[in-house]
Amino acid sequence: MATMSSRGWGMMRGRPKTTTIFRSEAMSLVQLYIPSDVARYAVSQLGEIGLMQFRDLNSEVSAFQRSFVNDVRRFDELERKLRYLHGQIARSGVDVYDFLDDGFAGGSRGPRDIDEMEERIAAHEGRVLRLTAAYKDMQIKHLELLENKHVLEEVSSLFSEMTGRQASGAGLGGAGGGGGRGADSMPLLTRTDTSSRRSIGSMDAARADAAIDIEAGGVGRDINIGFIAGVIQRDRIATLERVLWRSLRGNMFLNYVDVEDPISDPRLDEPVYKSAFIVFAHGASLRDRATRIAESLGATLYPVDSSAERRQEDLIDTMSRLDDLHQTLQNNAAARANELTGVSEQINTWFTVVRKEKAIYHTLNLFNYDANRNCLIAEGWCATSDIPAIQSALHLATEDAGSNVPTVLQELRTTKEPPTFIRTNKFTDGFQNIVDAYGVPKAGEVNPGLFTCITFPFLFALMFGDLGHGALMTLAAALLCAYEKRLAWLAKDESMRMFYTGRYIVLMMGIFSMFTGLLYNDVFSRALSLFASAWAWPTDQGGEGVTVEATRVGGVYPIGIDPAWHHASNSLLFTNSYKMKMSIVLGVIHMTLGICLQVPNALHFRKRINIVHVFVPQIIFLFSIFGYLVFAIVLKWSTDWYARDAAGELTHISPPSLLNMLIYMFLSPGSVSESERMFRGQAALQTLLLLTALVCVPWMLLVKPLILRREHQQIISEGYGRISSHARVSSEGEGLGGAIVVSEQEEMEADDFDFADIMINQTIHTIEFCLNSISNTASYLRLWALSLAHAQLSEVLWTMTFLPMLKMRGALQPVAIVCGFAVWFVLTVGILIGMEGLSAFLHALRLHWVEFNNKFYDGTGVKFEPFSFRAVLDAAEEQ
Amino acid sequence: MGGALVFWVGILVCGLCAGALFTFKSMADPTLWRTCAILSLSCCYLMWAVTYLAQLHPIIVPKRDDLRIDL
């Protein structure tokens, strides 16, 4: 066997494999001695099975000084490259193949595979980078050519238009042959009033004409009116005009025309609208100044020749170059897409591998290096029952590495608090999350999650009792559960995740709601008549506004509330009393369960004192007040208050008020008024119970601290004193030559005895318990209140939306019924099931977190978070 | 049927709970399923019993004022 077992876990083999969520799993602190050349494979295998949580043995070393920082950096860099490639793939619209090469990503990869992958990724990245850069360059060139083309087109159209006008107006044809740059432009100096074209000039039309005369006549005279042309963003043209006007003191003339199509600039995100403009200015220095101003405003200037023929040639030339470039651009895009398609087939696998490798080196950074024996020392927690699985994973790793030096696994004895590992399944997972949100159980502590599985949906259902609503909820949840594999994508959706992960909670809530709805006899606020009603309405009396009473004709309605109550005008009187009492009864039982769960806790942690002097007085206190109340409730129900004896006399005076009974039990102990008396000896019993409850208070408060103090003093007097907590640690690893460098400083907290501290804690605990037992019992009345609200709301919805349609007469009734039903159904799902369900959920949550957990649960544990690739990949995907 | 029914059903439910203690042997986590079975049975029984008892000796009778005389 490649992996050797050492003392410790060999004993565990005999343990039964069954585990339960009643308590967290038994955990072991294990130490691994991994030969350096196996380490990467070992961590990889352990990451695949995800059963071990590693401790950081280098916590004093900063993140930059650890042994495998360079490897982590290397994979960071690779991940960056992959993200770049992924971004390029997404931008170019190539589909990413959802393909994972299991052999490479899942199995064992050697360093050579990794190197090869790194090379391939680098080569791909280099090619894509080159192609992209070339593409960008060409796009810019394309843009320039396009703009140039526009300028040429627009300028010549301006020229030809002006020439036409001039020719008809002043009889001065094209007036060509200007000296210097573009002196042929004179017709443009006239103001045009086309709506889209505007020009301003310092010279009015007459002067312009004169200038043209001069220009046309005297080439040799050094007047030199030239122009510059270019494109600028359309919204900047007004600014350009104004700035030019001011800085050239009016010695200029600007004309522009909008380019109709938007121009896409690769340097900008969106295509922009631009205008082609032409500026005439007098003299080279003014033209230079105009050039600078235009460029500073983001304009691009293009040389435009003054002669029409040359312009035409330029235009043709530009067009042909544009065509060529377009072809090249397309070729480039095709090459790029080809390259990216090649990448997209592999990118999922590469991402997975790179993330896994990065996680491996992060984990290796937690290990200690033993230079003498050239091995890494790892330490971590795992479930004791998982040790064989870890052994076989390590064995596999040794084979992967082709090494024959075994990895040694050794279980450490420790007094450290282990992390809490509760092995949930898909059913219990949601409920455990509810508990974990309050607090993770301490190792070995009773896990309320086990009981929450049933009590949570049940308490929810008490507030949500309606057969119809429950059935809809069950149906939805059952569909989610039945198709859970196919609907797994819902877990990735932010808003649906809650429903998907809580589908079994919702299923249980729905099923229990159907049951409670059956007992409340509510189906969408209507009543069911499954059995014969115990009440009969008189047939001979009644009428509008006349109150009639039903007479009892049968026994008790066997399951649920008699439907006769449903239409009764005093039905609330009955249901309120029934639901209130039920809340108290179930609440007290729920709290009793909570208090009783202290017992397994005390047994597990071997604290008998907690049973005798915490649990017993608490349960006596609760029972002597609220247990008695429950007893009185049941007694009141089972007594026939209108029974008559043989002589025909009423045996009881009147039904007692239980609320008054409880109040007077405290206010006037020892006396019960004749009209309120329920049974003989009631006054004496009540006094006895009250005294018992009173005795319990000092019992809870004082006995436990005093006993602890006596025990402590006994230890001191016997001369043991304080045992050094560090003395116990050093017995580990004897067989390994004492080479272990595991730090055990934080091993144990000092076992100091502080009587004042204990006393204060106990006082708080006692006061809290006594006050809470009253307020928590009252808190369970929310079961009644929410159930009342739910029933009333659904009744109101029925009478407001659907009932009027059913009562309607006439030809439109079918239409009205369809509409009414639609409104009613949508509101039922939205308000009654959605919102009411949410509120009942929150109240059930509160009853568990506060009223139930309070009684026995610390919830101060730390969750077990094993190193697992699945968690690593999920976390990476969520980013 | 009177109040004794609550008692008899109670005994039946106790029997079922006891039976649940010896089932689910082949499941991965018998404790979980046993607890679930017992808690569900107890919860449902309690609610049913409370509802039944509340109607055993009614103190008020249902009244209504919207009945029409059907002659």
# chains A, B, ... in the order shown; residues from 1 in each chain; ligands from 1

call {"tool": "select_by_dssp", "arguments": {"residues": "segment 527-659 of chain A", "states": "strand (DSSP E)", "output": "MDAnalysis selection string"}}
result
chainID A and resid 535:536 548:549 551:552

call {"tool": "interface_residues", "arguments": {"of": "chain B", "to": "chain A", "cutoff": "7 Å", "atoms": "only C-alpha atoms", "output": "ChimeraX atom specification"}}
result
/B:1,3,28-29,31-32,36,39-40,48,50-57,61-70

call {"tool": "closest_residue", "arguments": {"among": "A:Ile760, A:Leu659, A:Ala791, A:Met514", "to": "Cys44 of chain B", "atoms": "only C-alpha atoms"}}
result
A:Met514

call {"tool": "select_by_dssp", "arguments": {"residues": "segment 570-718 of chain A", "states": "alpha helix (DSSP H)", "output": "PyMOL selection string"}}
result
chain A and resi 571-596+598-604+608-610+616-622+628-638+658-667+682-698+704-717

call {"tool": "closest_residue", "arguments": {"among": "B:Arg34, B:Leu41, B:Pro58, B:Trp8", "to": "Ala20 of chain B", "atoms": "only C-alpha atoms"}}
result
B:Arg34

call {"tool": "residues_around", "arguments": {"residues": "segment 765-781 of chain A", "least_positions_apart": "5", "cutoff": "10 Å", "atoms": "only C-alpha atoms", "output": "PyMOL selection string"}}
result
chain A and resi 459+579-588+590-591+614+618+621-622+625-626+693+696-702+759-760+786-787+843-844+846-847+850-852+854-855

call {"tool": "residues_around", "arguments": {"residues": "Gly230 of chain A", "least_positions_apart": "3", "cutoff": "12 Å", "atoms": "only C-alpha atoms", "output": "PDB file with C-alpha atoms, in the first residue's frame"}}
result
ATOM      1  CA  GLU A 144      -9.382  58.329 -42.934  1.00  0.00           C
ATOM      2  CA  LEU A 145     -10.054  57.278 -46.487  1.00  0.00           C
ATOM      3  CA  LEU A 146     -13.765  57.428 -45.914  1.00  0.00           C
ATOM      4  CA  GLU A 147     -13.561  60.914 -44.480  1.00  0.00           C
ATOM      5  CA  ASN A 148     -11.304  61.984 -47.274  1.00  0.00           C
ATOM      6  CA  LYS A 149     -13.838  60.685 -49.734  1.00  0.00           C
ATOM      7  CA  HIS A 150     -16.613  62.590 -48.014  1.00  0.00           C
ATOM      8  CA  VAL A 151     -14.608  65.783 -47.968  1.00  0.00           C
ATOM      9  CA  LEU A 152     -13.807  65.457 -51.633  1.00  0.00           C
ATOM     10  CA  GLU A 153     -17.402  64.751 -52.514  1.00  0.00           C
ATOM     11  CA  GLU A 154     -18.872  67.466 -50.406  1.00  0.00           C
ATOM     12  CA  VAL A 155     -16.314  70.061 -51.376  1.00  0.00           C
ATOM     13  CA  PHE A 227      -8.752  77.227 -48.146  1.00  0.00           C
ATOM     14  CA  GLN A 233     -18.118  66.297 -35.368  1.00  0.00           C
ATOM     15  CA  ARG A 234     -21.386  67.850 -36.279  1.00  0.00           C
ATOM     16  CA  ILE A 237     -19.217  73.058 -36.110  1.00  0.00           C
ATOM     17  CA  LEU A 240     -15.452  76.057 -34.803  1.00  0.00           C
ATOM     18  CA  LEU A 254     -16.592  79.048 -43.576  1.00  0.00           C
ATOM     19  CA  ASN A 255     -18.998  76.797 -45.327  1.00  0.00           C
ATOM     20  CA  TYR A 256     -19.998  73.313 -44.347  1.00  0.00           C
ATOM     21  CA  VAL A 257     -22.232  70.471 -45.282  1.00  0.00           C
ATOM     22  CA  ASP A 258     -23.419  67.599 -43.149  1.00  0.00           C
ATOM     23  CA  VAL A 259     -22.257  64.110 -44.060  1.00  0.00           C
ATOM     24  CA  LYS A 274     -19.805  64.535 -38.857  1.00  0.00           C
ATOM     25  CA  SER A 275     -19.776  67.513 -41.136  1.00  0.00           C
ATOM     26  CA  ALA A 276     -17.407  68.371 -43.916  1.00  0.00           C
ATOM     27  CA  PHE A 277     -16.307  71.978 -43.831  1.00  0.00           C
ATOM     28  CA  ILE A 278     -14.225  74.339 -45.854  1.00  0.00           C
ATOM     29  CA  VAL A 279     -12.601  77.470 -44.531  1.00  0.00           C
ATOM     30  CA  ALA A 290      -7.206  78.171 -38.796  1.00  0.00           C
ATOM     31  CA  THR A 291      -5.648  74.726 -39.234  1.00  0.00           C
ATOM     32  CA  ALA A 294      -9.676  73.236 -36.315  1.00  0.00           C
ATOM     33  CA  GLU A 295      -7.342  70.433 -35.234  1.00  0.00           C
ATOM     34  CA  LEU A 297     -11.333  71.072 -31.895  1.00  0.00           C
ATOM     35  CA  GLY A 298     -10.937  67.528 -33.121  1.00  0.00           C
ATOM     36  CA  ALA A 299     -11.312  68.143 -36.788  1.00  0.00           C
ATOM     37  CA  THR A 300      -9.377  66.097 -39.307  1.00  0.00           C
ATOM     38  CA  LEU A 301      -8.057  68.053 -42.269  1.00  0.00           C
ATOM     39  CA  TYR A 302      -7.576  66.581 -45.691  1.00  0.00           C
ATOM     40  CA  PRO A 303      -5.736  68.127 -48.627  1.00  0.00           C
ATOM     41  CA  VAL A 304      -8.124  69.017 -51.361  1.00  0.00           C
TER      42      VAL A 304
END

call {"tool": "atom_distance", "arguments": {"atom1": "atom CA of Phe280 of chain A", "atom2": "atom CA of Arg236 of chain A"}}
result
18.2 Å

call {"tool": "residues_around", "arguments": {"residues": "Val13 of chain B", "least_positions_apart": "6", "cutoff": "10 Å", "atoms": "only C-alpha atoms", "output": "MDAnalysis selection string"}}
result
chainID B and resid 7 19 38 41:42 44:45

call {"tool": "write_last_selection", "arguments": {"atoms": "N, CA and C atoms", "output": "tab-separated table (two decimals), in the first residue's frame"}}
result
chain	number	residue	atom	x	y	z
B	7	PHE	N	-58.32	10.08	22.27
B	7	PHE	CA	-57.44	9.16	23.00
B	7	PHE	C	-57.03	7.99	22.12
B	19	GLY	N	-43.56	2.44	15.31
B	19	GLY	CA	-43.23	1.69	14.11
B	19	GLY	C	-42.18	2.40	13.28
B	38	ILE	N	-41.90	10.92	12.72
B	38	ILE	CA	-42.51	11.06	14.04
B	38	ILE	C	-43.02	12.49	14.25
B	41	LEU	N	-46.19	13.08	12.14
B	41	LEU	CA	-47.35	12.42	12.74
B	41	LEU	C	-47.82	13.20	13.96
B	42	SER	N	-46.87	13.60	14.82
B	42	SER	CA	-47.27	14.28	16.05
B	42	SER	C	-47.91	15.62	15.74
B	44	CYS	N	-49.45	16.64	13.02
B	44	CYS	CA	-50.77	16.50	12.42
B	44	CYS	C	-51.78	16.01	13.45
B	45	TYR	N	-51.34	15.06	14.26
B	45	TYR	CA	-52.25	14.55	15.29
B	45	TYR	C	-52.66	15.67	16.24

call {"tool": "atom_distance", "arguments": {"atom1": "atom CA of Val43 of chain A", "atom2": "atom CA of Ile360 of chain A"}}
result
6.0 Å

call {"tool": "residues_around", "arguments": {"residues": "segment 88-104 of chain A", "least_positions_apart": "6", "cutoff": "8 Å", "atoms": "only C-alpha atoms", "output": "count of residues only"}}
result
10

call {"tool": "atom_distance", "arguments": {"atom1": "atom CA of Ala822 of chain A", "atom2": "atom CA of Leu530 of chain A"}}
result
27.7 Å
